[in-house]
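start_20.pdb, holding PDB, C-alpha atoms and all ligand atoms:
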```pdb
ATOM      1  CA  MET A   1      77.968-322.346  41.036
ATOM      2  CA  SER A   2      74.920-320.554  42.427
ATOM      3  CA  ALA A   3      71.825-319.704  40.355
ATOM      4  CA  HIS A   4      72.061-316.929  37.807
ATOM      5  CA  LEU A   5      71.268-313.393  38.924
ATOM      6  CA  SER A   6      67.891-311.837  38.220
ATOM      7  CA  ASP A   7      67.739-308.602  36.197
ATOM      8  CA  GLU A   8      67.266-306.675  39.465
ATOM      9  CA  GLN A   9      70.297-308.351  41.012
ATOM     10  CA  ILE A  10      72.395-307.614  37.918
ATOM     11  CA  ALA A  11      71.269-303.964  38.005
ATOM     12  CA  ALA A  12      72.063-303.772  41.713
ATOM     13  CA  ALA A  13      75.434-305.391  41.087
ATOM     14  CA  LEU A  14      76.206-302.823  38.367
ATOM     15  CA  VAL A  15      75.409-299.960  40.733
ATOM     16  CA  GLU A  16      76.868-301.296  43.970
ATOM     17  CA  ASN A  17      79.733-303.479  42.863
ATOM     18  CA  PRO A  18      80.489-303.375  39.145
ATOM     19  CA  ALA A  19      83.357-305.851  39.472
ATOM     20  CA  GLY A  20      83.257-308.910  41.631
ATOM     21  CA  GLY A  21      80.839-311.537  42.925
ATOM     22  CA  HIS A  22      78.800-313.720  40.592
ATOM     23  CA  LEU A  23      79.383-311.446  37.608
ATOM     24  CA  GLU A  24      83.127-312.265  37.660
ATOM     25  CA  GLU A  25      82.494-315.974  37.776
ATOM     26  CA  CYS A  26      79.548-316.349  35.361
ATOM     27  CA  THR A  27      80.040-315.434  31.669
ATOM     28  CA  GLU A  28      76.320-315.562  30.987
ATOM     29  CA  CYS A  29      75.446-313.079  33.765
ATOM     30  CA  ALA A  30      78.452-310.906  32.825
ATOM     31  CA  GLN A  31      77.155-310.729  29.233
ATOM     32  CA  GLU A  32      73.668-309.931  30.557
ATOM     33  CA  ALA A  33      75.187-307.182  32.761
ATOM     34  CA  ALA A  34      77.134-305.781  29.778
ATOM     35  CA  ARG A  35      73.953-305.808  27.658
ATOM     36  CA  LEU A  36      72.047-304.039  30.451
ATOM     37  CA  ARG A  37      74.913-301.504  30.888
ATOM     38  CA  ASP A  38      74.869-300.760  27.138
ATOM     39  CA  ALA A  39      71.080-300.450  27.159
ATOM     40  CA  ILE A  40      71.218-298.023  30.089
ATOM     41  CA  ALA A  41      74.006-296.026  28.425
ATOM     42  CA  GLY A  42      72.029-295.901  25.169
ATOM     43  CA  TYR A  43      68.898-294.812  26.987
ATOM     44  CA  ALA A  44      70.846-292.130  28.862
ATOM     45  CA  GLN A  45      72.265-290.923  25.539
ATOM     46  CA  GLU A  46      68.787-290.769  23.970
ATOM     47  CA  VAL A  47      67.378-288.902  26.959
ATOM     48  CA  GLY A  48      70.292-286.465  26.869
ATOM     49  CA  ASP A  49      69.824-285.880  23.127
ATOM     50  CA  ALA A  50      66.082-285.368  23.565
ATOM     51  CA  VAL A  51      66.648-282.902  26.396
ATOM     52  CA  ASN A  52      69.265-281.027  24.382
ATOM     53  CA  ALA A  53      66.995-280.941  21.317
ATOM     54  CA  ARG A  54      64.077-279.723  23.412
ATOM     55  CA  ASP A  55      66.303-277.096  25.030
ATOM     56  CA  ALA A  56      67.618-276.040  21.638
ATOM     57  CA  ARG A  57      64.069-275.695  20.286
ATOM     58  CA  ALA A  58      62.956-273.901  23.429
ATOM     59  CA  TRP A  59      65.944-271.552  23.319
ATOM     60  CA  SER A  60      65.459-270.939  19.623
ATOM     61  CA  ALA A  61      61.790-270.112  20.189
ATOM     62  CA  GLU A  62      62.759-267.958  23.171
ATOM     63  CA  ARG A  63      65.382-266.109  21.109
ATOM     64  CA  GLN A  64      62.887-265.479  18.318
ATOM     65  CA  ASP A  65      60.305-264.265  20.812
ATOM     66  CA  VAL A  66      62.797-261.900  22.444
ATOM     67  CA  ARG A  67      63.889-260.600  19.029
ATOM     68  CA  ARG A  68      60.256-260.040  18.044
ATOM     69  CA  ARG A  69      59.564-258.190  21.282
ATOM     70  CA  VAL A  70      62.715-256.072  20.955
ATOM     71  CA  ARG A  71      61.793-255.175  17.362
ATOM     72  CA  SER A  72      58.234-254.208  18.236
ATOM     73  CA  ARG A  73      59.486-252.288  21.287
ATOM     74  CA  ARG A  74      61.972-250.383  19.097
ATOM     75  CA  LEU A  75      59.195-249.589  16.644
ATOM     76  CA  ARG A  76      56.887-248.466  19.437
ATOM     77  CA  ALA A  77      59.670-246.391  20.985
ATOM     78  CA  ALA A  78      60.393-244.765  17.644
ATOM     79  CA  LEU A  79      56.712-244.029  17.153
ATOM     80  CA  ALA A  80      56.381-242.795  20.716
ATOM     81  CA  SER A  81      59.340-240.472  20.359
ATOM     82  CA  GLY A  82      57.784-239.156  17.195
ATOM     83  CA  GLY A  83      60.886-239.852  15.160
ATOM     84  CA  LEU A  84      59.080-241.739  12.420
ATOM     85  CA  ALA A  85      56.072-239.447  12.509
ATOM     86  CA  ALA A  86      58.310-236.387  12.263
ATOM     87  CA  ALA A  87      60.244-237.974   9.412
ATOM     88  CA  ALA A  88      56.982-238.770   7.604
ATOM     89  CA  VAL A  89      55.703-235.224   8.072
ATOM     90  CA  LEU A  90      59.031-233.825   6.877
ATOM     91  CA  ALA A  91      58.978-236.108   3.811
ATOM     92  CA  VAL A  92      55.439-235.030   2.926
ATOM     93  CA  TRP A  93      56.320-231.387   3.503
ATOM     94  CA  LEU A  94      59.404-231.689   1.279
ATOM     95  CA  ALA A  95      57.349-233.413  -1.431
ATOM     96  CA  LEU A  96      54.695-230.710  -1.558
ATOM     97  CA  PRO A  97      54.948-228.148  -4.374
ATOM     98  CA  ARG A  98      56.124-224.755  -3.201
ATOM     99  CA  PRO A  99      53.920-221.803  -4.055
ATOM    100  CA  GLY A 100      55.736-218.497  -4.202
ATOM    101  CA  PRO A 101      55.194-215.955  -1.443
ATOM    102  CA  VAL A 102      51.680-214.633  -1.726
ATOM    103  CA  THR A 103      51.437-210.875  -1.247
ATOM    104  CA  SER A 104      48.108-209.252  -1.523
ATOM    105  CA  PRO A 105      48.279-205.460  -1.893
ATOM    106  CA  ALA A 106      44.604-205.355  -1.024
ATOM    107  CA  SER A 107      45.146-207.009   2.376
ATOM    108  CA  ALA A 108      48.156-204.758   3.111
ATOM    109  CA  ASP A 109      45.975-201.737   2.388
ATOM    110  CA  LEU A 110      43.220-203.089   4.617
ATOM    111  CA  ASP A 111      45.723-203.642   7.457
ATOM    112  CA  HIS A 112      47.003-200.099   7.103
ATOM    113  CA  GLU A 113      43.489-198.653   7.092
ATOM    114  CA  LEU A 114      42.599-200.643  10.201
ATOM    115  CA  LEU A 115      45.718-199.391  11.958
ATOM    116  CA  ILE A 116      44.879-195.806  11.064
ATOM    117  CA  SER A 117      41.298-196.129  12.274
ATOM    118  CA  VAL A 118      42.482-197.639  15.555
ATOM    119  CA  GLU A 119      44.950-194.770  16.003
ATOM    120  CA  ARG A 120      42.239-192.197  15.305
ATOM    121  CA  SER A 121      39.826-193.740  17.759
ATOM    122  CA  LEU A 122      42.544-193.913  20.395
ATOM    123  CA  ASN A 123      43.520-190.289  19.865
ATOM    124  CA  ARG A 124      39.951-189.123  20.371
ATOM    125  CA  GLY A 125      40.303-188.491  24.075
ATOM    126  CA  LEU A 126      40.858-191.518  26.198
ATOM    127  CA  PRO A 127      39.613-192.594  29.568
ATOM    128  CA  ALA A 128      42.478-192.620  32.083
ATOM    129  CA  ALA A 129      42.363-196.382  32.260
ATOM    130  CA  LEU A 130      43.304-196.615  28.574
ATOM    131  CA  GLU A 131      46.213-194.158  28.723
ATOM    132  CA  PRO A 132      48.837-196.929  28.775
ATOM    133  CA  ALA A 133      47.433-198.016  25.414
ATOM    134  CA  GLN A 134      48.739-194.743  23.953
ATOM    135  CA  PHE A 135      52.303-195.951  24.523
ATOM    136  CA  LEU A 136      51.411-199.113  22.655
ATOM    137  CA  VAL A 137      49.950-197.087  19.809
ATOM    138  CA  ALA A 138      53.074-194.938  19.693
ATOM    139  CA  ASP A 139      55.206-198.072  19.478
ATOM    140  CA  VAL A 140      53.035-199.510  16.710
ATOM    141  CA  ARG A 141      53.194-196.197  14.844
ATOM    142  CA  ALA A 142      56.985-196.059  15.143
ATOM    143  CA  ALA A 143      57.224-199.653  13.975
ATOM    144  CA  ALA A 144      54.938-198.914  11.008
ATOM    145  CA  ARG A 145      57.159-196.013  10.016
ATOM    146  CA  THR A 146      60.403-197.999  10.184
ATOM    147  CA  THR A 147      59.020-201.147   8.544
ATOM    148  CA  PRO A 148      59.308-200.941   4.763
ATOM    149  CA  GLN A 149      56.074-201.799   2.981
TER     150      GLN A 149
HETATM  151 ZN    ZN B 201      75.197-316.319  36.283
END
```

Kindly return the structure encoded in the file as structure tokens.
Amino acid sequence: MSAHLSDEQIAAALVENPAGGHLEECTECAQEAARLRDAIAGYAQEVGDAVNARDARAWSAERQDVRRRVRSRRLRAALASGGLAAAAVLAVWLALPRPGPVTSPASADLDHELLISVERSLNRGLPAALEPAQFLVADVRAAARTTPQ
């Protein structure tokens, strides 16, 4: 029987020719090859688990980041479209106490007096350039007559 295989030879035998050669004849080297195969399989399993865990953490972090960005984008879009601002203004407006319609007889009288004085000044002989204003005055007068006060 030849000398036992080195670790490198056992590894090469596992890769190139898993069955056959010295490994089939020598129980000691076959056990060493089996131990090495198990160690490699265990290492591969650990590496795979670590990669999966890292990927899972990375994907989880990525998902959370995307969710955060989507949420803040939705909020910004809502603010940009004025939806929230309009809703806030509407809520404040609805919450405000409603005063009744304020009518001031004094201001109505003042408006009427102003209208009359404007009419008088317009009727006092106009330059030709202001003649079209007479039609406006006539319209305002007609409107004043038909509008109940
Ligand atoms: Zn051997």

Worksheet entry | Residues matched by the PyMOL selection byres (((not hetatm)) within 8 of (chain B and resi 201)), written as a PyMOL selection string | chain A and resi 2-5+22-23+25-30

Worksheet item: Between CA of Ile10 (chain A) and CA of Glu24 (chain A), what is the spacing in Å?
Response: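 Pair CA of Glu24 (chain A) / CA of Ile10 (chain A) returns 11.7 Å.
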
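The spacing separating CA of Gly82 (chain A) from CA of Arg63 (chain A) amounts to 28.3 Å.
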
Worksheet item: Neighbours of region 140-146 of chain A within 10 Å (only C-alpha atoms; same-chain residues fewer than 2 positions away dropped), as a list of chain:residue names?
Response: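 With the cut-off at 10 Å, the set is A:His112, A:Leu115, A:Ile116, A:Glu119, A:Gln134, A:Phe135, A:Leu136, A:Val137, A:Ala138, A:Pro148, A:Gln149.
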
Worksheet item: Could you state the separation of CA of Val15 (chain A) and CA of Ala33 (chain A) in Å, given to one decimal place?
Response: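 So the two atoms, CA of Val15 (chain A) and CA of Ala33 (chain A), lie 10.8 Å apart.
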